[in-house]
Amino acid sequence: MEISMNVNGDDVVRDVEPRTLLVHFLRDHMGLTGTHWGCDTSNCGTCVVWVDEEPVKSCTHLAAMAGGHRVKTVEGLETADGLDPVQEGFIQCHGLQCGFCTPGMMMTARALLDRNPDPSEEVIREAISGQICRCTGYSTIIRSIQWAAAKERETSVSLEGSVA
Amino acid sequence: MQVPAPFEYERATSVDHAIALMERLGDEARIVAGGHSLLPMMKLRLAMPEYLIDINDLVDELQYIRFTEDEVRIGALTRHQQLLESDELAAIFPIFRDAEKVIADPVVRNKGTLGGSLCQADPSEDLSAVCDALEAKCVIRNSSGQRVVEMHDFHRGPYETAVEDGEMLTEVRIPIKPNSSSAYHKVERRAGDWAVASAGAAVTMNGDVIADGRVGLCAVGPNLTNVQPISDALRNQPPSEELYARVGEIAAANASPATDTRGTAAYKTHLAKELTIRSLRKAVARATGQEI
């Protein structure tokens, strides 16, 4: 079947089997291997991408179901202005070691900060509770997200200041 | 790599369209909403439908939480996240927020739906116990109209429901009763896991006595249905720790859990008792204004 969707801002059309999972569509059909394929059972969360700005586990989502929708992957985080603050935070605060969970963690973190610019540690822990990291013990991931939140708050304050 | 067996995919453009497709395709067709129960089963080839009818576009028809004077009506396509975030729902039925906080994880809750949870009919599924405790009714539609089935009759056994071929669950209706409240307690091994065991309680007070009380149990037997002897024991009794303890014993006596990786049968039986006590205690405290 033919499906069309918007992936990271680009409209794409592909011919796929209806049973194609979104994670394999992104990796194998689109070549976007930033989205990782992990447990295959919607437990580990490394496959998290956005469908219409909402994080979903792409191993448990048909590509066909994403047809007509906007999909965003970790490759879509960086903008013309550079890395997303969440990506910067993971660099600054050692938010990863092996990097396997990182794309899913960052997509969930970005979605969280878009809804809540100043999340408490508890809120961050809850937000990433469906994702597994076996390297960091989560503490540095939480610090990375807090770093990004702080940077964005700073930026928005200075922007408001410049407007005034 | 887990991939479902081949199937044909179609998107429903309306509830009538979905029902027409289901009627034509019979038991070879399944409805997919959030997909977080069906797709894992398809990946394991435990389910191999030949046709998948995607109802995710039917937001206008099937995704809502509506409040009337005497009941709340929730569309089958309402997501867990929406049930968790609704302050109005939590104000009337705090059991929903109690349960939704511990159902799966936030990313899964973005997709999973009320209708999907109930239709999966997994004995460990939380919302079935919630709806059971609240005496919910399920609206099932087919091409000739709709019928309303009591929650008690909705689950026929593990993974079996009253929804027949050519039909779909479209709405859940929950009666609003004055002087009532509810609570849910779950024990899980880690965040987002299925329950080792859980219990949900709903009570209606009449002055100082419990006029009516119900407890729904989860993961402690093949059937989730409300434990009738508990309701009998609670009727017109003043709340007390002794009453809760007696009712907890009834829950334990009616539980028939299996020993598995989540715990031994003895441990789960103990949980059935203890979680029944805790959820009743909390429901009564909420109904009498001692706790939120």
# chains A, B, ... in the order shown; residues from 1 in each chain; ligands from 1
>>> residues_around(residues="Gln92 (chain A)", least_positions_apart="3", cutoff="12 Å", atoms="only C-alpha atoms", output="list in words")
Pro85, Val86, Gln87, Glu88, Gly89, Gly95, Leu96, Thr140, Ile141, Arg143, Ser144, Ile145, Gln146, Trp147, Ala148 and Lys151 of chain A
>>> interface_residues(of="chain A", to="chain B", cutoff="8 Å", atoms="only C-alpha atoms", output="PyMOL selection string")
chain A and resi 17-21+40-42+54-57+60-61+64-65+126-130
>>> select_by_dssp(residues="region 72-134 of chain B", states="helix (DSSP H, G or I)", output="VMD selection string")
chain B and resid 80 to 85 87 to 92 94 to 100 106 to 109 114 to 120 126 to 133
>>> residues_around(residues="Ile277 (chain B)", least_positions_apart="2", cutoff="8 Å", atoms="only C-alpha atoms", output="VMD selection string")
chain B and resid 244 to 245 247 to 248 273 to 275 279 to 281
>>> residues_around(residues="Gly115 (chain B)", least_positions_apart="3", cutoff="12 Å", atoms="only C-alpha atoms", output="JSON, numbers by chain")
{"B": [31, 32, 33, 34, 35, 36, 37, 55, 56, 62, 63, 64, 74, 75, 76, 77, 78, 79, 80, 83, 111, 112, 118, 119, 120, 121, 125, 127, 128, 131, 138, 139, 140, 154, 161, 163, 168, 169, 170, 171, 172, 173]}
>>> select_by_dssp(residues="chain A", states="strand (DSSP E)", output="list in words")
Glu2, Ile3, Ser4, Met5, Asn6, Val7, Asp10, Asp11, Val12, Val13, Arg14, Asp15, Val48, Val49, Trp50, Val51, Glu54, Pro55, Val56, Lys57, Arg70, Val71 and Lys72 of chain A
>>> closest_residue(among="A:Thr35, A:Asn116, A:Ser58, A:Ser156", to="Thr102 (chain A)", atoms="only C-alpha atoms")
A:Thr35
>>> atom_distance(atom1="CA of Asp126 (chain B)", atom2="CA of Glu241 (chain B)")
25.4 Å
>>> residues_around(residues="region 217-233 of chain B", least_positions_apart="5", cutoff="6 Å", atoms="only C-alpha atoms", output="JSON, numbers by chain")
{"B": [123, 124, 129, 132, 152, 157, 158, 197, 198, 199, 247, 255, 256, 257]}
>>> write_last_selection(atoms="C-alpha atoms", output="PDB file, in the first residue's frame")
ATOM      1  CA  PRO B 123      -7.437 -10.277  33.579  1.00  0.00           C
ATOM      2  CA  SER B 124      -4.541  -8.015  34.613  1.00  0.00           C
ATOM      3  CA  ALA B 129     -11.400  -3.381  37.498  1.00  0.00           C
ATOM      4  CA  ASP B 132     -16.328  -2.851  37.339  1.00  0.00           C
ATOM      5  CA  HIS B 152     -20.452  -7.446  34.824  1.00  0.00           C
ATOM      6  CA  GLY B 157     -13.572 -14.653  30.365  1.00  0.00           C
ATOM      7  CA  PRO B 158      -9.927 -13.910  29.648  1.00  0.00           C
ATOM      8  CA  ALA B 197      -2.365  -7.488  41.927  1.00  0.00           C
ATOM      9  CA  SER B 198      -4.642  -4.505  42.316  1.00  0.00           C
ATOM     10  CA  ALA B 199      -7.992  -3.545  43.737  1.00  0.00           C
ATOM     11  CA  VAL B 247     -14.051  -7.744  53.497  1.00  0.00           C
ATOM     12  CA  ALA B 255      -9.050 -14.740  44.528  1.00  0.00           C
ATOM     13  CA  SER B 256      -7.548 -17.567  42.503  1.00  0.00           C
ATOM     14  CA  PRO B 257      -4.225 -16.239  41.266  1.00  0.00           C
TER      15      PRO B 257
END
>>> residues_around(residues="Ala99 (chain B)", least_positions_apart="4", cutoff="9 Å", atoms="only C-alpha atoms", output="PyMOL selection string")
chain B and resi 84+94-95+103+126-127+130+183-186+200
